[in-house]
>>> print(open('my_file.txt').read())   # compact mmCIF, C-alpha atoms
# COMPACT_ATOMS: atom_id res chain seq x y z
CA MET B 1 0.00 0.00 0.00
CA ALA B 2 1.23 3.51 -0.74
CA GLY B 3 2.30 5.91 2.00
CA ILE B 4 1.50 9.58 2.57
CA ALA B 5 2.93 12.23 4.89
CA GLY B 6 2.66 15.95 5.45
CA ILE B 7 3.24 18.96 7.71
CA ALA B 8 0.98 22.00 8.01
CA ARG B 9 3.91 24.31 7.35
CA LYS B 10 5.59 25.95 4.36
CA GLY B 11 9.04 24.97 3.20
CA ALA B 12 9.08 21.55 4.85
CA GLU B 13 10.00 19.52 1.76
CA LYS B 14 13.13 18.09 3.41
CA GLU B 15 11.25 17.04 6.55
CA VAL B 16 8.40 15.44 4.60
CA SER B 17 10.87 13.57 2.41
CA GLU B 18 12.55 12.26 5.56
CA MET B 19 9.15 11.16 6.87
CA LEU B 20 8.59 9.24 3.65
CA ASP B 21 12.07 7.70 3.93
CA LYS B 22 10.93 6.03 7.15
CA ILE B 23 8.16 4.27 5.24
CA HIS B 24 10.10 3.74 2.01
CA ASN B 25 8.68 0.22 1.63
CA ARG B 26 5.24 1.74 1.11
CA GLY B 27 5.92 2.32 -2.56
CA LYS B 28 9.31 2.19 -4.23
CA ALA B 29 8.13 3.11 -7.71
CA GLY B 30 7.89 6.86 -7.21
CA ARG B 31 7.62 9.81 -4.84
CA THR B 32 6.08 13.25 -5.06
CA VAL B 33 6.58 16.05 -2.49
CA PHE B 34 5.08 19.49 -3.00
CA GLU B 35 3.88 22.60 -1.18
CA MET B 36 0.41 24.04 -1.55
CA GLU B 37 -1.68 26.47 0.49
CA GLY B 38 0.87 26.70 3.29
CA THR B 39 1.17 22.93 3.72
CA THR B 40 3.89 20.51 2.57
CA VAL B 41 2.75 17.02 1.57
CA GLY B 42 4.18 13.92 -0.07
CA VAL B 43 3.40 10.40 -1.23
CA ASN B 44 5.27 7.16 -2.06
CA TRP B 45 3.60 4.69 -4.43
CA TYR B 46 3.90 1.30 -6.09
CA SER B 47 3.88 0.97 -9.87
CA SER B 48 0.35 -0.46 -9.86
CA GLU B 49 -0.89 2.62 -7.99
CA LYS B 50 0.64 5.26 -10.25
CA GLU B 51 -2.55 6.22 -12.08
CA ILE B 52 -4.55 6.30 -8.85
CA ILE B 53 -1.98 8.61 -7.23
CA ARG B 54 -2.03 10.82 -10.33
CA SER B 55 -5.83 11.18 -10.14
CA TYR B 56 -5.51 12.54 -6.59
CA LEU B 57 -2.72 14.93 -7.53
CA ASP B 58 -4.85 16.28 -10.38
CA VAL B 59 -7.36 17.56 -7.80
CA ASN B 60 -4.67 18.92 -5.46
CA LYS B 61 -4.90 16.06 -2.97
CA ILE B 62 -2.53 13.26 -2.10
CA GLY B 63 -3.88 9.81 -1.41
CA TYR B 64 -4.46 6.34 -2.76
CA ASP B 65 -7.09 3.64 -3.17
CA ASN B 66 -6.41 0.07 -2.17
CA GLY B 67 -9.40 -1.54 -3.84
CA PRO B 68 -13.04 -0.47 -3.76
CA GLY B 69 -13.75 1.88 -0.85
CA HIS B 70 -10.34 1.50 0.80
CA CYS B 71 -8.71 4.89 0.60
CA VAL B 72 -7.08 7.76 2.44
CA TRP B 73 -6.39 11.25 1.20
CA ALA B 74 -5.13 14.61 2.44
CA LYS B 75 -5.96 18.02 1.02
CA PRO B 76 -3.98 21.15 1.95
CA ASP B 77 -6.25 23.95 3.08
CA ASN B 78 -5.03 27.42 4.09
CA GLY B 79 -2.05 26.32 6.16
CA LYS B 80 -3.91 23.33 7.51
CA PHE B 81 -5.14 20.10 5.95
CA VAL B 82 -8.26 17.99 5.60
CA LEU B 83 -7.81 14.22 6.07
CA HIS B 84 -10.07 11.36 5.03
CA ARG B 85 -9.91 7.71 6.11
CA ASP B 86 -11.98 4.86 4.69
CA GLU B 87 -15.04 3.41 6.41
CA LEU B 88 -13.43 0.49 8.28
CA GLY B 89 -9.85 1.75 8.36
CA VAL B 90 -8.24 -0.65 5.90
CA ALA B 91 -5.83 2.14 4.96
CA PRO B 92 -3.93 3.52 8.00
CA LEU B 93 -3.67 7.20 8.91
CA TYR B 94 -2.20 9.01 11.93
CA LEU B 95 -2.06 12.59 13.17
CA GLY B 96 0.78 14.17 15.17
CA VAL B 97 1.56 17.47 16.89
CA ASP B 98 5.07 18.81 17.58
CA ALA B 99 6.29 21.05 20.38
CA ASN B 100 5.46 24.15 18.33
CA ALA B 101 1.88 22.99 17.72
CA ASN B 102 2.54 22.17 14.07
CA LYS B 103 0.24 19.43 12.77
CA TYR B 104 1.61 16.37 10.94
CA PHE B 105 0.02 13.34 9.30
CA ALA B 106 1.40 10.04 8.01
CA SER B 107 0.51 6.47 7.09
CA GLU B 108 2.61 5.06 9.93
CA VAL B 109 3.57 6.23 13.41
CA LYS B 110 7.31 5.87 12.76
CA SER B 111 7.07 8.76 10.28
CA LEU B 112 5.82 11.05 13.05
CA LEU B 113 8.54 10.19 15.58
CA PRO B 114 10.50 11.78 17.14
CA ALA B 115 9.21 15.15 15.89
CA CYS B 116 5.74 14.71 17.41
CA GLN B 117 5.24 14.45 21.15
CA TYR B 118 1.61 13.51 20.65
CA VAL B 119 0.27 10.98 18.12
CA GLU B 120 -3.28 9.77 17.56
CA GLU B 121 -5.04 7.61 15.02
CA VAL B 122 -7.51 9.20 12.63
CA PRO B 123 -10.52 6.94 13.32
CA PRO B 124 -12.05 4.90 10.50
CA GLY B 125 -15.09 6.48 8.90
CA ASN B 126 -13.92 9.96 9.90
CA ASN B 127 -12.63 13.12 8.29
CA TYR B 128 -10.23 15.40 10.11
CA ASP B 129 -11.17 18.97 9.27
CA ARG B 130 -10.55 22.30 10.97
CA ASP B 131 -8.75 20.71 13.92
CA LYS B 132 -11.45 18.17 14.72
CA THR B 133 -12.59 14.75 13.57
CA VAL B 134 -16.03 14.43 12.03
CA ARG B 135 -17.68 11.04 11.55
CA TYR B 136 -19.18 10.48 8.10
CA TYR B 137 -19.89 6.74 8.38
CA GLU B 138 -21.36 4.46 11.02
CA LEU B 139 -21.54 0.69 10.62
CA LYS B 140 -25.01 -0.63 11.39
CA GLU B 141 -27.33 -3.45 10.48
CA GLY B 142 -29.43 -2.91 7.39
CA ARG B 143 -32.94 -4.16 6.76
CA LEU B 144 -32.68 -7.92 7.24
CA LEU B 145 -33.28 -10.09 4.20
CA ASN B 146 -36.41 -12.21 4.06
CA GLU B 147 -35.22 -14.69 1.46
CA LYS B 148 -34.39 -18.37 1.35
CA PRO B 149 -30.81 -19.07 2.47
CA GLU B 150 -29.95 -20.52 -0.95
CA LYS B 151 -30.78 -17.17 -2.57
CA ILE B 152 -28.86 -15.24 0.09
CA ALA B 153 -25.83 -17.50 -0.40
CA GLU B 154 -25.94 -16.94 -4.16
CA ARG B 155 -26.12 -13.17 -3.73
CA LEU B 156 -23.27 -13.23 -1.19
CA ARG B 157 -21.01 -15.11 -3.58
CA LYS B 158 -21.81 -12.57 -6.30
CA HIS B 159 -20.90 -9.64 -4.02
CA LEU B 160 -17.61 -11.30 -3.10
CA GLU B 161 -16.77 -12.07 -6.71
CA ASP B 162 -17.55 -8.50 -7.76
CA ALA B 163 -15.23 -7.21 -5.03
CA VAL B 164 -12.49 -9.53 -6.25
CA THR B 165 -12.78 -8.47 -9.88
CA THR B 166 -12.84 -4.74 -9.09
CA SER B 167 -9.69 -5.12 -6.95
CA ILE B 168 -7.55 -6.77 -9.62
CA ARG B 169 -5.12 -4.34 -11.26
CA SER B 170 -2.78 -6.78 -12.97
CA GLU B 171 -2.20 -10.45 -13.67
CA ASN B 172 0.68 -10.31 -11.20
CA THR B 173 -1.67 -11.09 -8.32
CA GLY B 174 -1.53 -13.74 -5.63
CA ALA B 175 -3.32 -14.74 -2.44
CA TRP B 176 -2.31 -15.45 1.14
CA LEU B 177 -3.79 -18.92 1.61
CA SER B 178 -3.74 -20.00 5.24
CA GLY B 179 -5.89 -23.06 4.62
CA GLY B 180 -8.75 -21.60 6.65
CA LEU B 181 -12.16 -20.96 5.16
CA ASP B 182 -11.87 -17.20 4.58
CA SER B 183 -8.58 -17.18 2.69
CA SER B 184 -9.70 -20.26 0.75
CA VAL B 185 -12.91 -18.49 -0.31
CA ILE B 186 -11.05 -15.46 -1.65
CA SER B 187 -8.36 -17.60 -3.31
CA ALA B 188 -11.01 -19.72 -5.04
CA LEU B 189 -12.81 -16.66 -6.38
CA GLY B 190 -9.56 -14.97 -7.36
CA SER B 191 -8.40 -18.02 -9.28
CA ARG B 192 -11.38 -17.61 -11.61
CA HIS B 193 -10.25 -14.13 -12.68
CA VAL B 194 -6.44 -14.25 -12.63
CA LYS B 195 -4.77 -16.23 -15.38
CA ARG B 196 -2.18 -17.68 -13.02
CA LEU B 197 -2.91 -17.20 -9.33
CA HIS B 198 0.00 -17.70 -6.95
CA THR B 199 -0.98 -18.84 -3.44
CA PHE B 200 1.24 -18.68 -0.36
CA SER B 201 1.05 -20.48 2.98
CA THR B 202 3.32 -20.94 5.98
CA GLY B 203 3.60 -22.95 9.18
CA ILE B 204 5.83 -25.31 11.08
CA ASN B 205 6.38 -28.71 9.54
CA GLY B 206 3.18 -30.76 9.89
CA ALA B 207 0.96 -27.78 10.75
CA PRO B 208 -2.71 -28.28 9.75
CA ASP B 209 -2.75 -24.99 7.81
CA LEU B 210 -0.20 -26.33 5.36
CA GLU B 211 -2.25 -29.46 4.68
CA TYR B 212 -5.52 -27.58 4.11
CA ALA B 213 -3.79 -24.97 1.96
CA ARG B 214 -2.33 -27.69 -0.24
CA GLU B 215 -5.77 -29.22 -0.64
CA THR B 216 -7.31 -25.89 -1.64
CA ALA B 217 -4.45 -24.99 -4.00
CA LYS B 218 -4.78 -28.33 -5.78
CA PHE B 219 -8.55 -27.89 -6.09
CA ILE B 220 -8.37 -24.36 -7.54
CA LYS B 221 -5.25 -25.16 -9.59
CA SER B 222 -3.14 -22.29 -8.23
CA THR B 223 0.65 -22.11 -8.36
CA HIS B 224 1.30 -22.85 -4.71
CA HIS B 225 4.24 -21.78 -2.54
CA GLU B 226 4.91 -23.13 0.95
CA VAL B 227 7.19 -21.76 3.66
CA THR B 228 7.96 -24.09 6.54
CA VAL B 229 9.39 -22.33 9.59
CA THR B 230 11.20 -23.23 12.79
CA LEU B 231 11.40 -21.49 16.15
CA ASP B 232 14.71 -19.94 15.07
CA ASP B 233 13.00 -18.46 12.00
CA LEU B 234 10.26 -16.95 14.16
CA ILE B 235 12.66 -15.41 16.67
CA LYS B 236 14.95 -14.08 13.95
CA VAL B 237 12.19 -12.17 12.16
CA LEU B 238 10.42 -10.96 15.32
CA PRO B 239 12.18 -7.56 15.69
CA GLU B 240 11.46 -6.80 12.03
CA VAL B 241 7.81 -7.75 12.54
CA ILE B 242 7.36 -5.57 15.63
CA PHE B 243 9.08 -2.57 14.04
CA ASN B 244 6.84 -2.71 10.99
CA LEU B 245 3.71 -3.67 12.91
CA GLU B 246 4.16 -0.85 15.45
CA SER B 247 2.61 -2.91 18.21
CA PHE B 248 3.47 -5.23 21.09
CA ASP B 249 -0.07 -6.60 21.55
CA ALA B 250 0.52 -10.30 22.22
CA LEU B 251 -2.16 -11.83 20.01
CA LEU B 252 -1.56 -9.36 17.20
CA VAL B 253 2.21 -9.93 17.16
CA ARG B 254 1.80 -13.69 17.39
CA SER B 255 -0.49 -13.76 14.37
CA SER B 256 1.68 -11.28 12.49
CA ILE B 257 4.87 -13.34 12.57
CA THR B 258 3.64 -16.00 10.16
CA ASN B 259 1.66 -13.44 8.15
CA TYR B 260 4.84 -11.39 7.73
CA ILE B 261 6.86 -14.42 6.66
CA VAL B 262 4.31 -15.47 4.05
CA ALA B 263 4.08 -11.85 2.85
CA LYS B 264 7.85 -11.79 2.39
CA ARG B 265 7.67 -14.88 0.19
CA ALA B 266 4.73 -13.45 -1.76
CA GLY B 267 6.72 -10.29 -2.46
CA GLU B 268 9.23 -12.39 -4.40
CA PHE B 269 6.57 -13.38 -6.95
CA VAL B 270 3.69 -10.87 -7.06
CA THR B 271 2.96 -7.20 -6.48
CA GLU B 272 -0.58 -7.63 -5.13
CA VAL B 273 -2.27 -10.22 -2.91
CA PHE B 274 -5.76 -11.12 -1.78
CA SER B 275 -6.33 -11.42 1.97
CA GLY B 276 -9.22 -13.23 3.67
CA GLU B 277 -9.23 -10.92 6.71
CA GLY B 278 -12.64 -9.82 7.96
CA GLY B 279 -14.65 -12.97 7.27
CA ASP B 280 -14.77 -14.02 10.92
CA GLU B 281 -16.18 -10.66 11.97
CA LEU B 282 -18.84 -10.46 9.27
CA PHE B 283 -20.00 -14.07 9.46
CA ALA B 284 -19.53 -15.05 13.13
CA GLY B 285 -16.39 -17.14 12.81
CA TYR B 286 -15.10 -17.08 16.40
CA GLU B 287 -15.78 -19.84 18.91
CA TYR B 288 -16.81 -17.46 21.70
CA LEU B 289 -19.67 -16.15 19.55
CA LYS B 290 -21.49 -19.47 20.03
CA SER B 291 -22.17 -18.46 23.63
CA ILE B 292 -23.86 -15.18 22.64
CA SER B 293 -27.61 -15.08 22.18
CA MET B 294 -29.01 -14.52 18.71
CA SER B 295 -30.58 -11.27 19.89
CA ASP B 296 -27.12 -9.92 20.84
CA LEU B 297 -25.03 -11.50 18.10
CA GLY B 298 -25.61 -8.79 15.49
CA ALA B 299 -24.39 -6.04 17.82
CA GLU B 300 -21.33 -8.07 18.74
CA LEU B 301 -20.42 -8.57 15.08
CA ILE B 302 -20.66 -4.82 14.49
CA LYS B 303 -18.44 -4.21 17.51
CA ILE B 304 -15.68 -6.60 16.44
CA THR B 305 -15.83 -5.40 12.83
CA ASN B 306 -15.33 -1.84 14.07
CA ASN B 307 -12.29 -3.04 16.06
CA LEU B 308 -10.45 -4.45 13.05
CA HIS B 309 -8.69 -1.24 12.03
CA ASN B 310 -5.86 -1.22 14.58
CA THR B 311 -5.57 -4.97 15.09
CA ALA B 312 -6.06 -7.48 12.25
CA LEU B 313 -6.27 -4.92 9.43
CA GLN B 314 -3.10 -3.31 10.76
CA ARG B 315 -1.40 -6.72 10.55
CA VAL B 316 -2.49 -7.11 6.92
CA ASP B 317 -1.40 -3.61 5.96
CA ARG B 318 2.03 -3.75 7.61
CA SER B 319 2.84 -7.30 6.49
CA ALA B 320 2.06 -6.46 2.87
CA SER B 321 3.53 -2.95 2.77
CA ALA B 322 6.79 -3.91 4.46
CA ASN B 323 7.35 -6.50 1.77
CA GLY B 324 6.52 -4.42 -1.29
CA THR B 325 3.00 -5.65 -2.02
CA VAL B 326 -0.54 -4.27 -1.97
CA ALA B 327 -3.09 -6.35 -0.03
CA HIS B 328 -6.73 -6.40 -1.14
CA VAL B 329 -9.02 -7.15 1.81
CA ILE B 330 -12.07 -8.40 -0.05
CA PHE B 331 -14.41 -9.04 2.87
CA THR B 332 -14.17 -5.40 3.96
CA SER B 333 -15.21 -4.02 0.59
CA PRO B 334 -18.12 -1.64 1.26
CA GLU B 335 -20.72 -3.54 -0.77
CA VAL B 336 -19.75 -6.83 0.86
CA VAL B 337 -19.97 -5.31 4.35
CA LYS B 338 -23.29 -3.65 3.58
CA PHE B 339 -24.78 -6.91 2.30
CA ALA B 340 -23.32 -8.99 5.14
CA PHE B 341 -25.17 -6.90 7.70
CA THR B 342 -28.50 -7.57 6.00
CA ILE B 343 -28.06 -11.34 6.43
CA PRO B 344 -29.97 -12.65 9.48
CA VAL B 345 -27.56 -13.88 12.16
CA LYS B 346 -29.38 -17.23 12.26
CA TYR B 347 -27.74 -17.99 8.91
CA LYS B 348 -24.30 -16.93 10.13
CA MET B 349 -24.34 -19.16 13.22
CA PHE B 350 -26.60 -22.04 12.19
CA ASN B 351 -26.87 -25.10 14.45
CA SER B 352 -23.57 -24.07 16.11
CA THR B 353 -21.83 -24.00 12.72
CA GLU B 354 -19.97 -20.73 12.38
CA LYS B 355 -20.01 -18.92 9.01
CA TRP B 356 -22.72 -21.27 7.77
CA ILE B 357 -24.00 -18.94 5.05
CA LEU B 358 -20.47 -18.38 3.71
CA ARG B 359 -19.91 -22.12 3.55
CA LYS B 360 -23.24 -22.46 1.75
CA ALA B 361 -22.21 -19.79 -0.75
CA MET B 362 -19.03 -21.66 -1.68
CA GLU B 363 -20.41 -25.17 -2.12
CA GLY B 364 -18.76 -26.65 -5.19
CA TYR B 365 -16.09 -23.94 -5.24
CA LEU B 366 -13.92 -25.55 -2.53
CA PRO B 367 -13.15 -29.09 -1.35
CA ASP B 368 -15.57 -30.41 1.28
CA GLY B 369 -12.80 -30.81 3.84
CA VAL B 370 -11.96 -27.12 3.65
CA LEU B 371 -15.61 -26.04 3.58
CA LYS B 372 -16.28 -27.99 6.78
CA ARG B 373 -13.06 -27.09 8.58
CA PRO B 374 -13.71 -25.57 12.04
CA LYS B 375 -12.23 -22.17 12.80
CA ALA B 376 -8.60 -22.25 13.98
CA LYS B 377 -6.72 -19.17 15.16
CA PHE B 378 -4.08 -18.06 12.66
CA TRP B 379 -1.13 -18.93 14.91
CA GLU B 380 -2.67 -22.22 16.02
CA GLY B 381 -3.26 -23.43 12.47
CA ALA B 382 0.32 -22.50 11.60
CA GLY B 383 1.54 -24.37 14.70
CA VAL B 384 3.46 -21.48 16.28
CA MET B 385 1.49 -20.76 19.47
CA GLU B 386 3.34 -23.00 21.92
CA LEU B 387 6.71 -22.38 20.31
CA ILE B 388 6.72 -18.60 20.62
CA SER B 389 4.92 -18.39 23.95
CA GLU B 390 7.19 -20.93 25.66
CA TYR B 391 10.28 -19.23 24.28
CA ALA B 392 9.16 -15.83 25.60
CA ASN B 393 8.30 -17.27 29.00
CA ASN B 394 11.81 -18.69 29.30
CA GLN B 395 13.39 -15.29 28.57
CA ILE B 396 11.72 -13.43 31.45
CA THR B 397 11.86 -14.25 35.16
CA ASP B 398 8.87 -13.95 37.47
CA ASN B 399 10.49 -10.98 39.20
CA GLU B 400 11.23 -9.17 35.93
CA PHE B 401 7.63 -9.64 34.89
CA ARG B 402 6.34 -8.33 38.21
CA VAL B 403 8.56 -5.22 38.01
CA GLU B 404 8.18 -4.39 34.30
CA ARG B 405 4.60 -5.28 33.47
CA ARG B 406 3.10 -1.88 34.44
CA LEU B 407 3.83 0.75 31.79
CA SER B 408 4.18 4.48 32.41
CA ASN B 409 0.75 5.17 30.88
CA GLY B 410 -0.94 2.75 33.29
CA TRP B 411 -1.32 -0.18 30.90
CA ILE B 412 -0.73 -3.63 32.37
CA LEU B 413 1.06 -6.19 30.24
CA ASN B 414 -0.88 -9.43 30.42
CA THR B 415 1.79 -12.07 29.96
CA LYS B 416 5.54 -12.63 29.80
CA GLU B 417 5.10 -13.06 26.07
CA GLU B 418 3.67 -9.55 25.81
CA LEU B 419 6.52 -8.15 27.92
CA TYR B 420 9.01 -9.87 25.63
CA TYR B 421 7.41 -8.13 22.64
CA TYR B 422 7.26 -4.81 24.51
CA ARG B 423 11.00 -4.89 25.18
CA ILE B 424 11.63 -5.14 21.44
CA PHE B 425 9.06 -2.41 20.73
CA LYS B 426 10.67 -0.13 23.32
CA ASP B 427 14.08 -0.50 21.69
CA TYR B 428 12.66 0.95 18.47
CA PHE B 429 10.11 3.47 19.72
CA GLY B 430 11.32 4.39 23.22
CA PRO B 431 9.71 3.85 26.64
CA ASP B 432 7.90 7.17 26.91
CA ILE B 433 5.98 7.32 23.64
CA ASN B 434 2.28 7.99 24.08
CA LEU B 435 0.21 4.98 23.00
CA ASN B 436 -3.17 6.61 22.33
CA TRP B 437 -3.02 5.36 18.74
CA MET B 438 -2.30 1.70 19.51
CA GLY B 439 -4.97 -1.00 19.56
CA ARG B 440 -5.12 -3.97 21.91
CA THR B 441 -6.85 -7.21 21.03
CA GLU B 442 -9.84 -8.17 23.13
CA GLY B 443 -9.57 -11.58 24.70
CA SER B 444 -5.78 -11.47 25.12
CA PRO B 445 -4.47 -14.12 27.51
CA VAL B 446 -3.96 -12.99 31.09
CA VAL B 447 -1.57 -14.39 33.68
>>> encode(input="my_file.txt", output="structure tokens")
Amino acid sequence: MAGIAGIARKGAEKEVSEMLDKIHNRGKAGRTVFEMEGTTVGVNWYSSEKEIIRSYLDVNKIGYDNGPGHCVWAKPDNGKFVLHRDELGVAPLYLGVDANANKYFASEVKSLLPACQYVEEVPPGNNYDRDKTVRYYELKEGRLLNEKPEKIAERLRKHLEDAVTTSIRSENTGAWLSGGLDSSVISALGSRHVKRLHTFSTGINGAPDLEYARETAKFIKSTHHEVTVTLDDLIKVLPEVIFNLESFDALLVRSSITNYIVAKRAGEFVTEVFSGEGGDELFAGYEYLKSISMSDLGAELIKITNNLHNTALQRVDRSASANGTVAHVIFTSPEVVKFAFTIPVKYKMFNSTEKWILRKAMEGYLPDGVLKRPKAKFWEGAGVMELISEYANNQITDNEFRVERRLSNGWILNTKEELYYYRIFKDYFGPDINLNWMGRTEGSPVV
């Protein structure tokens, strides 16, 4: 994904260029920095995004689209700027303020440090205008469909396929294929519209994800690439992951390690990838949702979908961008989201089968074993959970954990694993950085 940056000040071309240097992986094909209306702004882009970037520059904005409805842009305005972030926050955007009250913006936090003492996230579905954020979008349930499930399933598949086709910019497109249902769905649909789809999976030797991914790849006839990893591989790449992810949240980091590794392999073959992120939130894919009443399930799905922007979607964005690719998050395409929240929840969680309507929609498009596979957490399916958590626990004593787990802002680190990640994060970003912009995954393990 491309990267943007700017300062509400004249003559700051050098500083903005340095901000873009910190996120140079977000587009190596070109860079534009210019001054307009008392503000200095700039953008890095990939080759596949060149025409999109140009269309923004033609209307005196900088920004980019990452598929239908996934965009950010900034428009200089009388020594200030107006910022826009997409509805669910697929594209990242942050705001900073320096000691002289100058306003900054950037696609990643590292571009704002150390100049800005205060950093905050521009919320999804918001514009920042005249020194305040204004919400323009609110996710809510639509009028529920009163149709037979077979018809709903057919319409859902059509929405997903439309989102896939409108995201494709070149034949040089692949898919992250974990072997779970969501990534298999998007890979299967993508394979119908890309002449030669490359698929990529990773895990420790013998991990279930690898087996299911192989089965799907064979069924859809993709060119499949597998990366088997060891504990040494995971530990070696961890600092790189945390630096690019800009987080020490335990569940987010854990899931990002394998995602980052598979993204690195994908970057060797393709410039764009499909991601299956978002399917669990739209279609009730998590185990804990089975304990929620049907009357409350819709509200819970809206809540967890709204929480994607600085957790799972951040993982997708940073893993792809750090490795020179653009990730298309098909399930979060606006038309897919809109339609998903008109589907009655009884068809999402049907007879304790999660994502039932999505499975129904893909009958015949995927092998039965994959269609019926129960939900597995990303790191569990890849086989890395025990490896990384046990390693971290062995690096930190009980006393160190007791002394270091409370951060200066009052946050409490939940586990030794999270403290291990925080130590790496602190080496890059410092111990006193404000963390208002950082998300934390609900349901994180606690000591």
>>> atom_distance(input="my_file.txt", atom1="atom CA of Ala392 of chain B", atom2="atom CA of Tyr422 of chain B")
11.2 Å
>>> atom_distance(input="my_file.txt", atom1="atom CA of Pro239 of chain B", atom2="atom CA of Tyr260 of chain B")
11.5 Å
>>> atom_distance(input="my_file.txt", atom1="atom CA of Tyr428 of chain B", atom2="atom CA of Asp21 of chain B")
16.0 Å
>>> residues_around(input="my_file.txt", residues="segment 289-297 of chain B", least_positions_apart="5", cutoff="8 Å", atoms="all atoms listed in the file", output="PyMOL selection string")
chain B and resi 284+345-346+349+352+354
>>> closest_residue(input="my_file.txt", among="B:Thr223, B:Asn323, B:Asn307, B:Thr166", to="Glu268 of chain B", atoms="all atoms listed in the file")
B:Asn323
>>> residues_around(input="my_file.txt", residues="Gly369 of chain B", least_positions_apart="3", cutoff="10 Å", atoms="only C-alpha atoms", output="list in words")
Leu181, Tyr212, Glu215, Thr216, Leu366, Lys372, Arg373 and Pro374 of chain B
>>> residues_around(input="my_file.txt", residues="segment 225-228 of chain B", least_positions_apart="4", cutoff="6 Å", atoms="all atoms listed in the file", output="PyMOL selection string")
chain B and resi 200-205
>>> closest_residue(input="my_file.txt", among="B:Ala340, B:Met362, B:Ile388, B:Leu95", to="Ser255 of chain B", atoms="only C-alpha atoms")
B:Ile388
>>> closest_residue(input="my_file.txt", among="B:Lys80, B:His24, B:His193, B:Arg54", to="Glu37 of chain B", atoms="only C-alpha atoms")
B:Lys80
>>> closest_residue(input="my_file.txt", among="B:Ser187, B:Thr271, B:Asn434, B:Ser333", to="Leu112 of chain B", atoms="all atoms listed in the file")
B:Asn434
>>> residues_near_point(input="my_file.txt", point="(-3.6, 12.4, 5.6)", cutoff="7 Å", atoms="all atoms listed in the file", output="number ranges by chain")
B: 4-5, 72-74, 83-84, 93, 105-106
>>> closest_residue(input="my_file.txt", among="B:Leu57, B:Val337, B:Val384, B:Ala207", to="Thr305 of chain B", atoms="all atoms listed in the file")
B:Val337
>>> residues_near_point(input="my_file.txt", point="(3.8, -5.5, 2.6)", cutoff="12 Å", atoms="only C-alpha atoms", output="compact mmCIF listing (two decimals) with C-alpha atoms, in the frame of the given file")
# COMPACT_ATOMS: atom_id res chain seq x y z
CA MET B 1 0.00 0.00 0.00
CA ALA B 2 1.23 3.51 -0.74
CA GLY B 3 2.30 5.91 2.00
CA ILE B 23 8.16 4.27 5.24
CA HIS B 24 10.10 3.74 2.01
CA ASN B 25 8.68 0.22 1.63
CA ARG B 26 5.24 1.74 1.11
CA GLY B 27 5.92 2.32 -2.56
CA LYS B 28 9.31 2.19 -4.23
CA TYR B 46 3.90 1.30 -6.09
CA TRP B 176 -2.31 -15.45 1.14
CA VAL B 241 7.81 -7.75 12.54
CA ASN B 244 6.84 -2.71 10.99
CA LEU B 245 3.71 -3.67 12.91
CA SER B 256 1.68 -11.28 12.49
CA ASN B 259 1.66 -13.44 8.15
CA TYR B 260 4.84 -11.39 7.73
CA ILE B 261 6.86 -14.42 6.66
CA VAL B 262 4.31 -15.47 4.05
CA ALA B 263 4.08 -11.85 2.85
CA LYS B 264 7.85 -11.79 2.39
CA ARG B 265 7.67 -14.88 0.19
CA ALA B 266 4.73 -13.45 -1.76
CA GLY B 267 6.72 -10.29 -2.46
CA GLU B 268 9.23 -12.39 -4.40
CA VAL B 270 3.69 -10.87 -7.06
CA THR B 271 2.96 -7.20 -6.48
CA GLU B 272 -0.58 -7.63 -5.13
CA VAL B 273 -2.27 -10.22 -2.91
CA PHE B 274 -5.76 -11.12 -1.78
CA SER B 275 -6.33 -11.42 1.97
CA GLN B 314 -3.10 -3.31 10.76
CA ARG B 315 -1.40 -6.72 10.55
CA VAL B 316 -2.49 -7.11 6.92
CA ASP B 317 -1.40 -3.61 5.96
CA ARG B 318 2.03 -3.75 7.61
CA SER B 319 2.84 -7.30 6.49
CA ALA B 320 2.06 -6.46 2.87
CA SER B 321 3.53 -2.95 2.77
CA ALA B 322 6.79 -3.91 4.46
CA ASN B 323 7.35 -6.50 1.77
CA GLY B 324 6.52 -4.42 -1.29
CA THR B 325 3.00 -5.65 -2.02
CA VAL B 326 -0.54 -4.27 -1.97
CA ALA B 327 -3.09 -6.35 -0.03
CA HIS B 328 -6.73 -6.40 -1.14
>>> residues_around(input="my_file.txt", residues="segment 147-163 of chain B", least_positions_apart="5", cutoff="8 Å", atoms="all atoms listed in the file", output="list of chain:residue names")
B:Pro68, B:Ile186, B:Leu189, B:Gly190, B:Ile330, B:Phe331, B:Ser333, B:Glu335, B:Val336, B:Phe339, B:Ala340, B:Ile343, B:Tyr347, B:Ile357, B:Leu358, B:Lys360, B:Ala361, B:Met362
>>> closest_residue(input="my_file.txt", among="B:Lys416, B:Gly69, B:Val90, B:Ser389", to="Arg402 of chain B", atoms="only C-alpha atoms")
B:Lys416
>>> axis_aligned_box(input="my_file.txt", around="segment 17-34 of chain B", padding_each_side="3 Å", output="JSON")
{"center_x": 8.8, "center_y": 9.9, "center_z": -0.3, "size_x": 13.5, "size_y": 25.3, "size_z": 20.9}
>>> decode(input="my_file.txt", residues="segment 202-212 of chain B", atoms="C-alpha atoms", output="mmCIF file, in the first residue's frame")
data_model
loop_
_atom_site.group_PDB
_atom_site.id
_atom_site.type_symbol
_atom_site.label_atom_id
_atom_site.label_comp_id
_atom_site.auth_asym_id
_atom_site.auth_seq_id
_atom_site.Cartn_x
_atom_site.Cartn_y
_atom_site.Cartn_z
ATOM 1 C CA THR B 202 3.325 -20.942 5.975
ATOM 2 C CA GLY B 203 3.597 -22.945 9.184
ATOM 3 C CA ILE B 204 5.828 -25.310 11.083
ATOM 4 C CA ASN B 205 6.382 -28.710 9.544
ATOM 5 C CA GLY B 206 3.179 -30.760 9.892
ATOM 6 C CA ALA B 207 0.960 -27.778 10.749
ATOM 7 C CA PRO B 208 -2.707 -28.275 9.746
ATOM 8 C CA ASP B 209 -2.751 -24.992 7.810
ATOM 9 C CA LEU B 210 -0.203 -26.334 5.355
ATOM 10 C CA GLU B 211 -2.249 -29.458 4.683
ATOM 11 C CA TYR B 212 -5.519 -27.584 4.111
#
